[in-house]
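The next block is my_file-v5.txt, given as compact mmCIF, C-alpha atoms.
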```
# COMPACT_ATOMS: atom_id res chain seq x y z
CA MET U 593 87.46 120.42 85.72
CA ILE U 594 89.57 117.37 86.59
CA ASP U 595 87.85 116.06 89.71
CA LYS U 596 89.07 112.49 90.09
CA ILE U 597 92.51 110.88 89.93
CA GLN U 598 93.33 107.18 89.98
CA ILE U 599 96.78 105.59 89.76
CA GLN U 600 97.14 101.87 89.04
CA ASP U 601 100.11 99.49 89.16
CA LYS U 602 99.52 97.01 86.33
CA ARG U 603 101.88 94.08 85.75
CA PHE U 604 101.63 91.30 83.16
CA GLU U 605 103.40 87.98 82.88
CA LEU U 606 104.89 87.03 79.50
CA SER U 607 105.14 83.68 77.80
CA SER U 608 108.44 81.85 78.09
CA GLY U 609 111.33 83.78 76.54
CA ALA U 610 109.19 86.69 75.30
CA GLY U 611 110.57 90.16 75.93
CA SER U 612 114.04 88.90 76.84
CA ASP U 613 117.23 90.64 75.79
CA ALA U 614 120.92 90.50 76.67
CA VAL U 615 120.47 92.66 79.78
CA HIS U 616 116.81 92.21 80.77
CA LYS U 617 116.47 88.44 80.69
CA ASP U 618 113.30 87.93 82.73
CA PRO U 619 111.03 90.96 82.23
CA GLN U 620 107.54 91.52 83.56
CA TYR U 621 105.90 94.07 81.28
CA SER U 622 104.28 96.68 83.54
CA TYR U 623 102.54 100.03 83.39
CA ALA U 624 102.19 102.87 85.84
CA VAL U 625 98.69 103.96 84.80
CA THR U 626 97.25 107.43 85.41
CA GLN U 627 93.54 108.08 85.00
CA LEU U 628 92.24 111.66 85.05
CA THR U 629 88.49 112.19 85.08
CA GLU U 630 86.58 115.33 84.09
CA ASN U 631 82.76 115.29 84.16
CA GLY U 632 82.67 111.50 83.96
CA GLN U 633 85.15 111.26 81.06
CA THR U 634 88.46 109.56 81.82
CA GLY U 635 91.85 109.96 80.18
CA THR U 636 94.41 107.17 80.52
CA GLY U 637 98.17 107.58 80.44
CA LEU U 638 100.95 104.99 80.63
CA ALA U 639 104.58 104.77 81.64
CA PHE U 640 106.40 101.49 81.01
CA THR U 641 108.63 99.45 83.33
CA LEU U 642 109.80 95.84 83.58
CA GLY U 643 108.16 95.13 86.95
CA ALA U 644 110.14 95.93 90.11
CA GLY U 645 109.89 99.62 90.93
CA ASN U 646 106.62 100.13 89.09
CA ASP U 647 105.07 101.11 92.41
CA LEU U 648 107.64 103.91 92.77
CA VAL U 649 106.66 105.30 89.37
CA CYS U 650 103.01 105.15 90.46
CA ASN U 651 103.83 107.20 93.56
CA ALA U 652 105.57 109.83 91.42
CA ALA U 653 102.60 109.93 89.04
CA ARG U 654 100.24 110.46 91.95
CA PHE U 655 102.32 113.42 93.15
CA TYR U 656 102.15 115.13 89.74
CA ALA U 657 98.51 114.27 89.09
CA GLU U 658 97.35 115.85 92.35
CA ASN U 659 98.56 119.19 90.99
CA LEU U 660 96.00 119.03 88.16
CA LYS U 661 92.85 118.73 90.26
CA GLY U 662 90.38 121.53 89.67
CA ILE U 663 91.76 122.49 86.23
CA GLY U 664 89.69 122.04 83.07
CA ILE U 665 91.44 119.96 80.41
CA GLU U 666 91.01 122.61 77.69
CA ASP U 667 92.53 125.27 79.92
CA LEU U 668 95.32 122.91 80.93
CA MET U 669 96.28 121.99 77.37
CA SER U 670 96.10 125.54 76.03
CA ASN U 671 99.47 126.16 77.70
CA PHE U 672 100.58 122.68 78.70
CA GLY U 673 104.22 123.46 77.93
CA GLN U 674 104.35 125.74 80.96
CA THR U 675 102.62 123.13 83.14
CA PHE U 676 105.13 120.49 82.00
CA LYS U 677 108.02 122.83 82.76
CA THR U 678 106.66 123.65 86.22
CA LEU U 679 106.01 120.02 87.17
CA SER U 680 109.30 118.68 85.82
CA ASN U 681 111.19 121.35 87.77
CA GLU U 682 109.38 120.95 91.09
CA GLN U 683 112.31 121.65 93.39
CA GLN U 684 112.34 118.49 95.52
CA PHE U 685 111.33 115.94 92.87
CA ARG U 686 113.76 117.56 90.42
CA TRP U 687 116.59 116.54 92.77
CA LEU U 688 115.63 112.90 92.12
CA GLY U 689 116.20 113.33 88.36
CA PRO U 690 116.43 115.86 87.01
CA HIS U 691 114.17 114.88 84.11
CA LYS U 692 114.98 111.19 84.26
CA GLY U 693 114.28 107.99 86.14
CA VAL U 694 111.31 107.29 88.37
CA VAL U 695 110.13 110.91 88.59
CA HIS U 696 110.20 111.50 84.85
CA LEU U 697 108.40 108.23 84.16
CA GLY U 698 105.72 109.33 86.61
CA LEU U 699 105.38 112.61 84.74
CA ALA U 700 105.11 110.71 81.45
CA SER U 701 102.14 108.74 82.76
CA VAL U 702 100.34 111.93 83.83
CA THR U 703 101.22 113.84 80.65
CA ASN U 704 99.92 111.03 78.46
CA ALA U 705 96.67 110.91 80.44
CA CYS U 706 96.20 114.65 79.79
CA TYR U 707 96.49 114.21 76.02
CA ASP U 708 94.16 111.19 76.05
CA LEU U 709 91.53 113.09 78.02
CA TRP U 710 91.89 116.08 75.67
CA ALA U 711 91.28 113.91 72.59
CA LYS U 712 88.32 112.15 74.21
CA LYS U 713 86.86 115.50 75.27
CA ARG U 714 86.93 116.56 71.61
CA GLY U 715 85.65 113.16 70.47
CA VAL U 716 88.54 112.38 68.11
CA PRO U 717 91.51 110.00 67.90
CA LEU U 718 94.71 111.52 69.25
CA TRP U 719 96.32 111.63 65.79
CA LYS U 720 93.45 113.79 64.50
CA LEU U 721 93.51 116.07 67.53
CA LEU U 722 97.22 116.74 67.02
CA ILE U 723 96.99 117.17 63.24
CA ASP U 724 94.08 119.61 63.56
CA LEU U 725 95.92 121.87 66.03
CA THR U 726 97.61 124.96 64.62
CA PRO U 727 101.41 125.16 64.81
CA GLU U 728 101.08 127.71 67.62
CA GLU U 729 98.71 125.44 69.56
CA ILE U 730 101.12 122.50 69.21
CA VAL U 731 104.08 124.55 70.38
CA ASN U 732 102.04 125.80 73.35
CA THR U 733 102.04 122.21 74.63
CA LEU U 734 105.86 121.96 74.55
CA ASP U 735 108.64 122.86 76.97
CA LEU U 736 111.58 124.05 74.85
CA SER U 737 113.78 125.11 77.76
CA TYR U 738 117.45 124.07 77.52
CA LEU U 739 117.01 123.75 73.75
CA GLU U 740 117.33 127.42 72.85
CA ASP U 741 120.69 126.83 71.16
CA VAL U 742 119.09 124.50 68.60
CA LEU U 743 115.30 125.09 68.66
CA THR U 744 113.47 128.28 69.60
CA ARG U 745 109.72 128.69 69.89
CA ALA U 746 109.63 130.82 66.73
CA GLU U 747 111.61 128.21 64.83
CA ALA U 748 109.35 125.37 66.04
CA VAL U 749 106.25 127.25 64.85
CA GLU U 750 107.93 128.04 61.55
CA MET U 751 108.93 124.40 60.99
CA LEU U 752 105.36 123.22 61.51
CA GLN U 753 103.91 126.04 59.43
CA ALA U 754 106.22 125.17 56.54
CA GLU U 755 104.63 121.69 56.32
CA VAL U 756 101.00 122.84 56.26
CA SER U 757 100.74 123.34 52.50
CA SER U 758 101.98 119.80 51.75
CA ARG U 759 100.02 118.00 54.45
CA LYS U 760 97.24 116.81 52.18
CA GLU U 761 99.52 114.63 50.07
CA ARG U 762 100.74 112.89 53.23
CA THR U 763 97.26 112.17 54.58
CA THR U 764 97.02 109.24 52.18
CA ILE U 765 98.79 107.22 54.88
CA LEU U 766 95.58 107.32 56.92
CA GLN U 767 94.01 105.00 54.35
CA ALA U 768 97.13 103.04 53.44
CA GLY U 769 98.20 102.45 57.05
CA TYR U 770 101.58 102.93 58.70
CA PRO U 771 104.20 100.21 58.00
CA GLY U 772 105.29 98.06 60.94
CA TYR U 773 108.32 95.94 61.71
CA ASP U 774 108.35 92.72 63.74
CA THR U 775 110.51 93.00 66.85
CA SER U 776 109.47 89.65 68.30
CA VAL U 777 111.15 87.28 65.86
CA GLY U 778 114.32 86.95 67.91
CA TRP U 779 114.01 87.55 71.63
CA PHE U 780 117.27 86.76 73.38
CA ASN U 781 116.11 83.56 75.10
CA TYR U 782 114.67 82.01 71.92
CA ASP U 783 116.70 79.17 70.44
CA ASP U 784 117.87 79.18 66.83
CA GLU U 785 114.98 77.10 65.57
CA LYS U 786 112.44 79.40 67.22
CA VAL U 787 114.13 82.39 65.56
CA ARG U 788 113.99 80.68 62.18
CA GLU U 789 110.33 79.74 62.67
CA ASN U 790 109.39 83.28 63.80
CA CYS U 791 111.11 84.84 60.80
CA LYS U 792 109.04 82.70 58.46
CA LYS U 793 105.87 83.68 60.32
CA ALA U 794 106.77 87.38 60.11
CA ILE U 795 107.23 87.14 56.36
CA ASP U 796 103.95 85.24 56.01
CA ASN U 797 102.28 88.06 58.01
CA GLY U 798 103.50 90.68 55.53
CA PHE U 799 106.48 92.14 57.42
CA THR U 800 109.48 93.19 55.35
CA ALA U 801 111.54 94.32 58.35
CA MET U 802 112.38 92.51 61.60
CA LYS U 803 114.69 92.67 64.60
CA LEU U 804 116.97 90.25 66.44
CA LYS U 805 118.33 90.55 69.98
CA VAL U 806 122.11 90.25 70.22
CA GLY U 807 124.68 90.74 73.00
CA SER U 808 125.53 87.12 73.81
CA ALA U 809 128.53 86.24 75.98
CA ASP U 810 129.73 84.26 72.97
CA PRO U 811 129.73 86.61 69.93
CA THR U 812 129.60 83.66 67.55
CA ARG U 813 126.02 83.04 68.75
CA ASP U 814 125.04 86.55 67.65
CA ILE U 815 126.72 86.12 64.27
CA ARG U 816 125.08 82.74 63.68
CA ARG U 817 121.60 83.98 64.63
CA ALA U 818 121.96 87.18 62.61
CA ASN U 819 122.81 85.13 59.55
CA ILE U 820 119.80 82.88 60.18
CA VAL U 821 117.50 85.91 60.08
CA ARG U 822 119.19 87.26 56.96
CA GLU U 823 118.97 83.86 55.25
CA VAL U 824 115.26 83.43 56.00
CA ALA U 825 114.27 87.06 55.39
CA GLY U 826 116.30 87.46 52.22
CA GLU U 827 118.53 90.26 51.04
CA GLY U 828 115.61 92.59 50.35
CA ALA U 829 114.39 92.66 53.94
CA LYS U 830 115.51 95.17 56.56
CA VAL U 831 117.10 93.31 59.49
CA MET U 832 117.89 95.25 62.66
CA LEU U 833 120.11 94.05 65.53
CA ASP U 834 119.58 95.17 69.14
CA ALA U 835 122.29 94.77 71.82
CA ASN U 836 120.31 96.50 74.60
CA GLN U 837 123.45 98.30 75.90
CA GLN U 838 125.32 95.07 76.56
CA TRP U 839 128.67 95.84 74.91
CA THR U 840 131.58 97.95 76.05
CA LEU U 841 132.99 100.22 73.35
CA PRO U 842 135.85 97.82 72.41
CA GLU U 843 133.39 94.90 72.31
CA ALA U 844 130.97 96.89 70.17
CA ILE U 845 133.67 97.84 67.68
CA SER U 846 134.80 94.22 67.41
CA ILE U 847 131.40 92.53 67.11
CA CYS U 848 129.92 95.19 64.80
CA GLY U 849 132.85 94.57 62.48
CA GLU U 850 131.88 90.90 62.39
CA LEU U 851 128.20 91.67 61.83
CA LYS U 852 128.80 93.94 58.83
CA ASN U 853 128.70 90.96 56.48
CA MET U 854 124.98 90.30 57.04
CA ASN U 855 124.16 93.95 56.21
CA PRO U 856 122.17 95.10 59.27
CA TYR U 857 119.82 98.02 58.68
CA TRP U 858 120.89 99.35 62.07
CA ILE U 859 122.51 98.24 65.31
CA GLU U 860 120.49 99.40 68.27
CA GLU U 861 121.70 100.43 71.73
CA PRO U 862 125.21 99.07 71.18
CA THR U 863 126.61 100.43 74.47
CA HIS U 864 125.67 102.52 77.52
CA PRO U 865 122.97 105.06 76.57
CA ASP U 866 124.59 107.89 78.57
CA ASP U 867 127.94 107.53 76.77
CA ILE U 868 127.60 109.94 73.88
CA LEU U 869 131.34 110.01 73.21
CA ALA U 870 131.45 106.21 72.90
CA HIS U 871 128.67 106.37 70.31
CA MET U 872 130.60 109.02 68.39
CA LEU U 873 133.70 106.83 68.30
CA LEU U 874 131.70 103.73 67.47
CA SER U 875 129.78 105.33 64.61
CA GLU U 876 133.07 106.36 63.02
CA ALA U 877 134.66 102.96 63.59
CA VAL U 878 131.86 100.82 62.14
CA THR U 879 130.64 102.95 59.22
CA PRO U 880 128.64 102.28 57.05
CA ILE U 881 126.70 100.48 59.79
CA LYS U 882 124.14 102.88 61.26
CA LEU U 883 123.35 103.22 64.96
CA ALA U 884 119.90 103.56 66.52
CA LEU U 885 119.14 104.56 70.08
CA GLY U 886 116.57 106.18 72.33
CA GLU U 887 114.85 103.42 74.28
CA HIS U 888 116.82 104.50 77.36
CA VAL U 889 117.48 108.14 76.48
CA PRO U 890 115.40 109.93 79.14
CA ASN U 891 114.86 113.49 77.94
CA ARG U 892 115.12 116.10 75.21
CA ILE U 893 118.46 117.46 76.43
CA VAL U 894 120.31 114.15 75.99
CA PHE U 895 118.62 113.69 72.60
CA LYS U 896 119.81 117.18 71.67
CA ASN U 897 123.39 116.20 72.49
CA TYR U 898 123.16 112.98 70.45
CA LEU U 899 121.82 114.94 67.48
CA GLN U 900 124.54 117.55 67.84
CA ALA U 901 127.15 114.78 67.97
CA GLY U 902 125.85 113.30 64.71
CA CYS U 903 126.28 109.70 65.87
CA THR U 904 122.75 108.35 65.71
CA SER U 905 120.98 107.63 62.42
CA PHE U 906 117.61 106.71 63.94
CA ALA U 907 115.98 108.26 67.02
CA GLN U 908 113.91 105.75 68.98
CA VAL U 909 112.25 108.21 71.34
CA ASP U 910 109.54 106.56 73.43
CA ALA U 911 106.65 108.61 74.84
CA VAL U 912 106.40 106.25 77.82
CA ARG U 913 110.12 106.74 78.62
CA VAL U 914 110.67 110.49 78.11
CA GLY U 915 108.23 112.89 79.78
CA GLY U 916 105.30 111.83 77.62
CA ILE U 917 103.72 113.08 74.40
CA SER U 918 104.80 116.68 74.92
CA GLU U 919 108.49 115.79 75.11
CA PHE U 920 108.11 113.24 72.30
CA ILE U 921 106.88 115.98 69.96
CA THR U 922 109.67 118.30 71.08
CA ILE U 923 112.29 115.64 70.29
CA SER U 924 110.63 114.86 66.97
CA LEU U 925 110.93 118.52 66.00
CA MET U 926 114.65 118.50 66.82
CA CYS U 927 115.11 115.31 64.84
CA LYS U 928 113.36 116.87 61.86
CA LYS U 929 115.73 119.83 62.01
CA PHE U 930 118.76 117.53 62.16
CA GLY U 931 117.44 115.21 59.43
CA VAL U 932 117.21 112.12 61.65
CA PRO U 933 114.23 109.74 61.24
CA VAL U 934 112.08 109.03 64.31
CA VAL U 935 111.34 105.31 64.74
CA PRO U 936 109.87 105.01 68.25
CA HIS U 937 110.57 102.29 70.73
CA VAL U 938 107.12 101.06 71.76
CA GLY U 939 106.98 100.46 75.49
CA ASP U 940 103.26 101.09 74.98
CA MET U 941 103.13 98.12 72.53
CA GLY U 942 102.38 100.61 69.76
CA GLN U 943 99.02 101.70 71.17
CA LEU U 944 100.01 105.34 71.65
CA HIS U 945 102.79 105.58 69.09
CA GLN U 946 100.55 104.59 66.18
CA HIS U 947 98.97 108.03 66.70
CA LEU U 948 102.25 109.89 67.18
CA VAL U 949 103.97 108.60 64.03
CA LEU U 950 100.97 109.67 61.97
CA PHE U 951 101.30 113.16 63.42
CA ASN U 952 105.05 113.14 62.82
CA HIS U 953 104.54 112.20 59.18
CA ILE U 954 101.55 114.35 58.30
CA ALA U 955 102.19 117.51 60.35
CA MET U 956 105.99 117.45 60.60
CA GLY U 957 106.98 115.83 57.33
CA HIS U 958 108.94 112.96 58.85
CA GLU U 959 109.42 109.94 56.61
CA ALA U 960 106.89 107.17 57.29
CA LEU U 961 109.62 104.57 57.72
CA PHE U 962 108.06 101.96 60.01
CA LEU U 963 106.89 101.42 63.59
CA GLU U 964 107.93 98.65 65.94
CA HIS U 965 105.34 95.96 66.63
CA ILE U 966 105.30 93.98 69.90
CA PRO U 967 102.14 91.86 70.31
CA HIS U 968 102.49 90.51 73.84
CA LEU U 969 99.97 92.70 75.71
CA LYS U 970 97.44 93.14 72.94
CA GLN U 971 94.69 91.24 74.76
CA HIS U 972 94.80 93.64 77.71
CA PHE U 973 93.76 96.78 75.79
CA VAL U 974 90.18 97.91 75.19
CA ASN U 975 91.07 99.01 71.64
CA PRO U 976 94.15 96.96 70.68
CA ILE U 977 96.26 97.94 67.70
CA LYS U 978 95.27 96.36 64.40
CA ILE U 979 97.92 95.15 61.97
CA GLU U 980 97.13 93.67 58.57
CA ASN U 981 99.80 92.48 56.14
CA GLY U 982 102.51 94.14 58.22
CA VAL U 983 100.74 97.53 58.35
CA TYR U 984 99.17 99.42 61.27
CA ILE U 985 95.52 100.20 60.53
CA THR U 986 94.65 103.80 61.50
CA PRO U 987 92.69 103.88 64.79
CA GLN U 988 89.33 105.65 64.73
CA GLU U 989 88.21 105.58 68.39
CA PRO U 990 88.52 108.81 70.40
CA GLY U 991 91.66 109.06 72.52
CA SER U 992 95.12 107.52 72.43
CA SER U 993 94.16 103.80 72.47
CA CYS U 994 95.70 103.33 75.93
CA ASP U 995 92.66 102.20 77.97
CA LEU U 996 93.32 98.86 79.66
CA LYS U 997 90.64 96.30 80.37
```

Now, as a test, write the supplied structure out as structure tokens.
Amino acid sequence: MIDKIQIQDKRFELSSGAGSDAVHKDPQYSYAVTQLTENGQTGTGLAFTLGAGNDLVCNAARFYAENLKGIGIEDLMSNFGQTFKTLSNEQQFRWLGPHKGVVHLGLASVTNACYDLWAKKRGVPLWKLLIDLTPEEIVNTLDLSYLEDVLTRAEAVEMLQAEVSSRKERTTILQAGYPGYDTSVGWFNYDDEKVRENCKKAIDNGFTAMKLKVGSADPTRDIRRANIVREVAGEGAKVMLDANQQWTLPEAISICGELKNMNPYWIEEPTHPDDILAHMLLSEAVTPIKLALGEHVPNRIVFKNYLQAGCTSFAQVDAVRVGGISEFITISLMCKKFGVPVVPHVGDMGQLHQHLVLFNHIAMGHEALFLEHIPHLKQHFVNPIKIENGVYITPQEPGSSCDLK
């Protein structure tokens, strides 16, 4: 039974300019860390913030974690979907969301610790734990409430069952590794020469896809820098642009029209993440440019609405932003039904998501497109991600790779 709970507020300084974007110009990468211990074995879960307020997320995590004391991890995970539903709808904390903000981030930290402890208890990496579960066992860990109009329990089981016979051909990715893309070539505060230099380094390191931060007060700066990346990377590379919600709808329509010429693979978070109608109008106005979003989409219900609206081409669901692994899998199932690729945002620096994208590909049949790579906290993890020639090497240690030193 879970007999010990520890919550930690971990904050890390970044090198000059790293992590900066048009809205968050001076971030401090931080984790609200939950540790759940059963019989001396500890599971670690993370939620991601940019510093201030991390202590509030820790307090929320502590509230949820206390509810799990005295429960064995196997019993807990056999019907975790119901536990998730109960915790996320706790009457007083629900008022503070519902299902978003500080309270939902706290739940994400606790949820992720549960899955990590479960995998460690079975002595396997998280990706293997998830792949080895039956469709019914996977769906038992999910809360599908408020999704009944698009995804029922029976349909979720059927979708997973339909992929079982073809799984073996997709397991080759375990040896080949999962492709990555470099998101650190063009942080917002980097000057043009630094962007050019970083693009060359990314190519030398085997990356064929990379991302630039845009959203400058002067749009000509964005256009100039985007063309620098395209020039250095070449026409064959995938170049993504990320505005981090900076633009209004009229601004987004105008600047996206200017950026079409450098052929962006997607434009990410072009405007406010709650404004689904604006994204619908924008996607129509700037076609064939594709939109990506999800870094700040807090839960499965808002993702459902985006998918129903048909205005996002890439879902960047983040398991340390939504309610953790359980809600990540739920959203991935919806995306599969709607034919939208899942390319996670990696607030975890890819530690956890390297497991989840393998599950998405092998068990759910999602395309193995690529996974974001952010290297800035690598030295703080016990088992840091490994990337060779632009490819994530499959982790073999038990758990979700989220233990911090």

> From the list U:Leu869, U:Val821, U:Val894, U:Ala711, which residue is nearest Asp774 (chain U) when using all atoms listed in the file?
Replying inline: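 Between U:Leu869, U:Val821, U:Val894, U:Ala711, the residue approaching Asp774 (chain U) most closely is U:Val821.
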
Centre and size of axis-aligned box enclosing region 823-832 of chain U plus 4 Å each side, as lines of an AutoDock Vina configuration file:
```
center_x = 116.6
center_y = 89.3
center_z = 56.5
size_x = 12.7
size_y = 19.8
size_z = 20.3
```

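Take the candidates U:Ala955, U:Ala610, U:Val806, U:Cys848 and check each one against Asn790 (chain U) using all atoms listed in the file; the shortest distance goes to U:Ala610.
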
> What gap, in Å, lies between CA of Ala794 (chain U) and CA of Tyr621 (chain U)?
Replying inline: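 We find that CA of Ala794 (chain U) and CA of Tyr621 (chain U) lie 22.2 Å from each other.
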
> Looking at U:His696, U:Arg745, U:Lys617, U:Lys720, which one is nearest to Tyr656 (chain U), with distances taken over only C-alpha atoms?
Replying inline: U:His696

>> Would you compute the distance between CA of Asp735 (chain U) and CA of Arg892 (chain U)? Give it in Å to one decimal.
In response: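 Taking CA of Asp735 (chain U) and CA of Arg892 (chain U), their separation equals 9.5 Å.
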